[in-house]
Amino acid sequence: MENKPTILIIDDEQGLRDMLSFALQKEGYIVLTAENGMEGLKKVTEQKIDMVITDIKMPEMDGITVLGKIKEIKPDIEVIVATGYGTMETAIEALRKGAYDFINKPFNLDELSALLSKAYETKQLKSKLVSLEELDRLKDEFFSMVTHDLRTPLMAISGTLELILSDEQVSDETKLDFQSERNKKLLLIIHRNTERIRALVNNLLDFAKMEAGCWQLKKQDISVISIINDSINGVQSLADNKKISITKHISLIGHTFKSDEILVNCDYEQVERVLTNLIANSIKYTREAGRINVYFEKIDKEIKFVVEDNGKGITKENLGKVFDKFYRVDPSLKKEESGFGIGLSICKRVVELHKGKIYAESEGLAKGSRFIFTIPIR
């Protein structure tokens with residue numbers, strides 16, 4: 001087996017558990033055991049398990065009850081129920097509650113092995129089906145976003161050029177007066193929207209490279225303070241437009257962090273990109289005259305970067321989604337300020353390539369948010 005499936009055996013007979021463990025491990029399975037239903041459910045909750053073989057007749061909690069609870073906790077686990085007292089009614093009840101199949105004791109190991117192989121194939125097919133359905137949904141959503149987000153700046157460019165040409169009433173572009181104040185402003189609109197398209201396309205290309213596993217980091221020793229300074233400088237104008245103050249080395253509640261010079265071995269361009277993206281994101285979702293604080297601290301052998309704001313905040317159910325592909329925290333955000341929804345996903349991939357972690361925290365809507373990522377020093 002290319003990927004070793006994990007099987008949990010729930011049975012109150014130790015001899016049977018030991019015999020099945022030995023036989024199934026020889027066939028390449030990872031085997032866990034539990035002597036009763038409660039212990040089995042605990043392992044189902046805490047560990048990654050592909051299939052379960054559970055006895056029907058057990059003290060405290062019978063196998064049918066265990067089956068039902070497993071399907072509530074992790075419905076993708078395939079469950080085979082086994083008993084030495086099998087009846088057709090028991091088999092039908094087990095299948096009705098979601099069991100993959102029913103097998104009688106004492107076990108015929110060849111029969112059990114064949115049943116487990118089919119159960120695992122079924123699990124994989126179900127997983128692929130769910131993945132394909134999700135991929136199809138994401139594909140439609142992605143093309144919709146790409147169409148809109150590229151069309152918007154293109155329409156702005158096209159409309160601006162029409163204004164220049166129609167106003168000048170000339171067919172020869174060499175005769176256009178590009179020195180007039182009006183046309184200078186129009187050209188700035190063209191330039192701004194051209195840069196927006198370039199940034200969107202670059203993001204798409206980088207995202208594709210990362211998804212394909214073709215991305216390589218260019219590591220060198222870099223000053224943490226220079227990463228923070230350069231990131232803030234890159235988005236300062238955006239903050240100024242909304243009269244948002246960006247403060248370094250201090251949290252929103254006033255706790256001061258050391259600003260000692262520390263070198264971190266990383267891909268400067270990509271880590272600076274992550275921090276810049278997080279600060280820009282905070283600017284988007286922070287009201288005018290709001291506050292953003294950026295600081296870092298050395299914890300053991302890694303640097304912890306923090307970007308926090310007193311902006312819109314994030315609901316508890318959305319905290320785990322913000323780094324998903326094509327996810328937008330606030331779909332109502334002005335379209336000219338939004339993107340494909342892959343910025344934070346790229347941030348996550350960059351941090352993971354550095355063997356770090358990234359996550360978000362928030363107390364809820366209107367309570368601000370905190371984005372945190374770590375990068376090993378070396």
# chains A, B, ... in the order shown; residues from 1 in each chain; ligands from 1

call {"tool": "select_by_dssp", "arguments": {"residues": "stretch 66-307 of chain A", "states": "strand (DSSP E or B)", "output": "MDAnalysis selection string"}}
result
chainID A and resid 78:83 101:104 220:223 245:248 250 256 263:266 291:299 302:307

call {"tool": "closest_residue", "arguments": {"among": "A:Ile244, A:Met61, A:Ile377, A:Val271", "to": "A:Glu302", "atoms": "only C-alpha atoms"}}
result
A:Ile377

call {"tool": "residues_around", "arguments": {"residues": "A:Pro5", "least_positions_apart": "3", "cutoff": "8 Å", "atoms": "only C-alpha atoms", "output": "compact mmCIF listing (two decimals) with all heavy atoms, in the first residue's frame"}}
result
# COMPACT_ATOMS: atom_id res chain seq x y z
N TYR A 29 -1.08 -2.34 7.34
CA TYR A 29 -1.95 -1.38 8.02
C TYR A 29 -1.29 -0.86 9.29
O TYR A 29 -0.48 -1.55 9.92
CB TYR A 29 -3.29 -2.04 8.40
CG TYR A 29 -4.16 -2.41 7.22
CD1 TYR A 29 -4.27 -3.74 6.82
CD2 TYR A 29 -4.89 -1.45 6.53
CE1 TYR A 29 -5.07 -4.10 5.74
CE2 TYR A 29 -5.69 -1.81 5.45
CZ TYR A 29 -5.78 -3.13 5.06
OH TYR A 29 -6.57 -3.48 4.00
N ILE A 30 -1.65 0.36 9.67
CA ILE A 30 -1.32 0.88 11.00
C ILE A 30 -2.51 0.53 11.88
O ILE A 30 -3.65 0.87 11.55
CB ILE A 30 -1.10 2.40 10.96
CG1 ILE A 30 0.08 2.75 10.04
CG2 ILE A 30 -0.88 2.95 12.36
CD1 ILE A 30 0.22 4.22 9.76
N ILE A 49 -8.01 8.35 11.73
CA ILE A 49 -8.35 6.95 11.54
C ILE A 49 -9.15 6.79 10.26
O ILE A 49 -10.06 7.59 9.97
CB ILE A 49 -9.14 6.42 12.76
CG1 ILE A 49 -8.23 6.39 13.99
CG2 ILE A 49 -9.71 5.02 12.49
CD1 ILE A 49 -8.94 6.14 15.29
N ASP A 50 -8.80 5.79 9.48
CA ASP A 50 -9.49 5.55 8.20
C ASP A 50 -10.65 4.57 8.34
O ASP A 50 -11.72 4.78 7.74
CB ASP A 50 -8.49 5.02 7.17
CG ASP A 50 -7.38 6.01 6.88
OD1 ASP A 50 -7.69 7.09 6.37
OD2 ASP A 50 -6.21 5.71 7.18
N MET A 51 -10.43 3.49 9.09
CA MET A 51 -11.45 2.45 9.22
C MET A 51 -11.52 1.93 10.64
O MET A 51 -10.53 1.99 11.38
CB MET A 51 -11.15 1.29 8.25
CG MET A 51 -11.25 1.67 6.78
SD MET A 51 -10.72 0.34 5.68
CE MET A 51 -8.96 0.35 5.91
N TYR A 120 -11.50 0.56 2.09
CA TYR A 120 -10.54 1.65 1.91
C TYR A 120 -10.66 2.25 0.50
O TYR A 120 -10.56 3.47 0.33
CB TYR A 120 -9.12 1.15 2.16
CG TYR A 120 -8.11 2.28 2.20
CD1 TYR A 120 -8.26 3.34 3.08
CD2 TYR A 120 -7.02 2.28 1.33
CE1 TYR A 120 -7.34 4.38 3.11
CE2 TYR A 120 -6.09 3.32 1.36
CZ TYR A 120 -6.26 4.36 2.25
OH TYR A 120 -5.36 5.39 2.27

call {"tool": "select_by_dssp", "arguments": {"residues": "stretch 134-352 of chain A", "states": "alpha helix (DSSP H)", "output": "ChimeraX atom specification"}}
result
/A:134-168,181-211,224-241,268-284,343-352

call {"tool": "decode", "arguments": {"residues": "stretch 35-67 of chain A", "atoms": "C-alpha atoms", "output": "PDB file, in the first residue's frame"}}
result
ATOM      1  CA  GLU A  35     -10.969  -2.388  24.760  1.00  0.00           C
ATOM      2  CA  ASN A  36     -14.339  -0.619  24.913  1.00  0.00           C
ATOM      3  CA  GLY A  37     -16.535   1.886  23.119  1.00  0.00           C
ATOM      4  CA  MET A  38     -15.568   4.922  25.214  1.00  0.00           C
ATOM      5  CA  GLU A  39     -11.853   4.360  24.646  1.00  0.00           C
ATOM      6  CA  GLY A  40     -12.514   3.810  20.942  1.00  0.00           C
ATOM      7  CA  LEU A  41     -14.485   7.059  20.588  1.00  0.00           C
ATOM      8  CA  LYS A  42     -11.685   8.953  22.337  1.00  0.00           C
ATOM      9  CA  LYS A  43      -9.165   7.653  19.789  1.00  0.00           C
ATOM     10  CA  VAL A  44     -11.523   8.450  16.907  1.00  0.00           C
ATOM     11  CA  THR A  45     -11.777  12.033  18.183  1.00  0.00           C
ATOM     12  CA  GLU A  46      -8.057  12.552  18.776  1.00  0.00           C
ATOM     13  CA  GLN A  47      -6.397  10.631  15.937  1.00  0.00           C
ATOM     14  CA  LYS A  48      -6.587  10.254  12.172  1.00  0.00           C
ATOM     15  CA  ILE A  49      -8.348   6.947  11.540  1.00  0.00           C
ATOM     16  CA  ASP A  50      -9.488   5.553   8.204  1.00  0.00           C
ATOM     17  CA  MET A  51     -11.454   2.449   9.218  1.00  0.00           C
ATOM     18  CA  VAL A  52     -12.905   0.889  12.349  1.00  0.00           C
ATOM     19  CA  ILE A  53     -13.685  -2.735  13.167  1.00  0.00           C
ATOM     20  CA  THR A  54     -16.007  -2.827  16.169  1.00  0.00           C
ATOM     21  CA  ASP A  55     -17.573  -5.712  18.026  1.00  0.00           C
ATOM     22  CA  ILE A  56     -21.346  -5.543  18.495  1.00  0.00           C
ATOM     23  CA  LYS A  57     -21.593  -7.120  21.935  1.00  0.00           C
ATOM     24  CA  MET A  58     -19.517  -5.135  24.443  1.00  0.00           C
ATOM     25  CA  PRO A  59     -20.097  -3.990  28.035  1.00  0.00           C
ATOM     26  CA  GLU A  60     -21.105  -0.371  28.782  1.00  0.00           C
ATOM     27  CA  MET A  61     -21.562   0.608  25.128  1.00  0.00           C
ATOM     28  CA  ASP A  62     -22.589  -1.779  22.340  1.00  0.00           C
ATOM     29  CA  GLY A  63     -21.167  -1.665  18.807  1.00  0.00           C
ATOM     30  CA  ILE A  64     -24.297  -0.184  17.209  1.00  0.00           C
ATOM     31  CA  THR A  65     -24.115   2.793  19.580  1.00  0.00           C
ATOM     32  CA  VAL A  66     -20.385   3.143  18.904  1.00  0.00           C
ATOM     33  CA  LEU A  67     -21.089   3.096  15.145  1.00  0.00           C
TER      34      LEU A  67
END
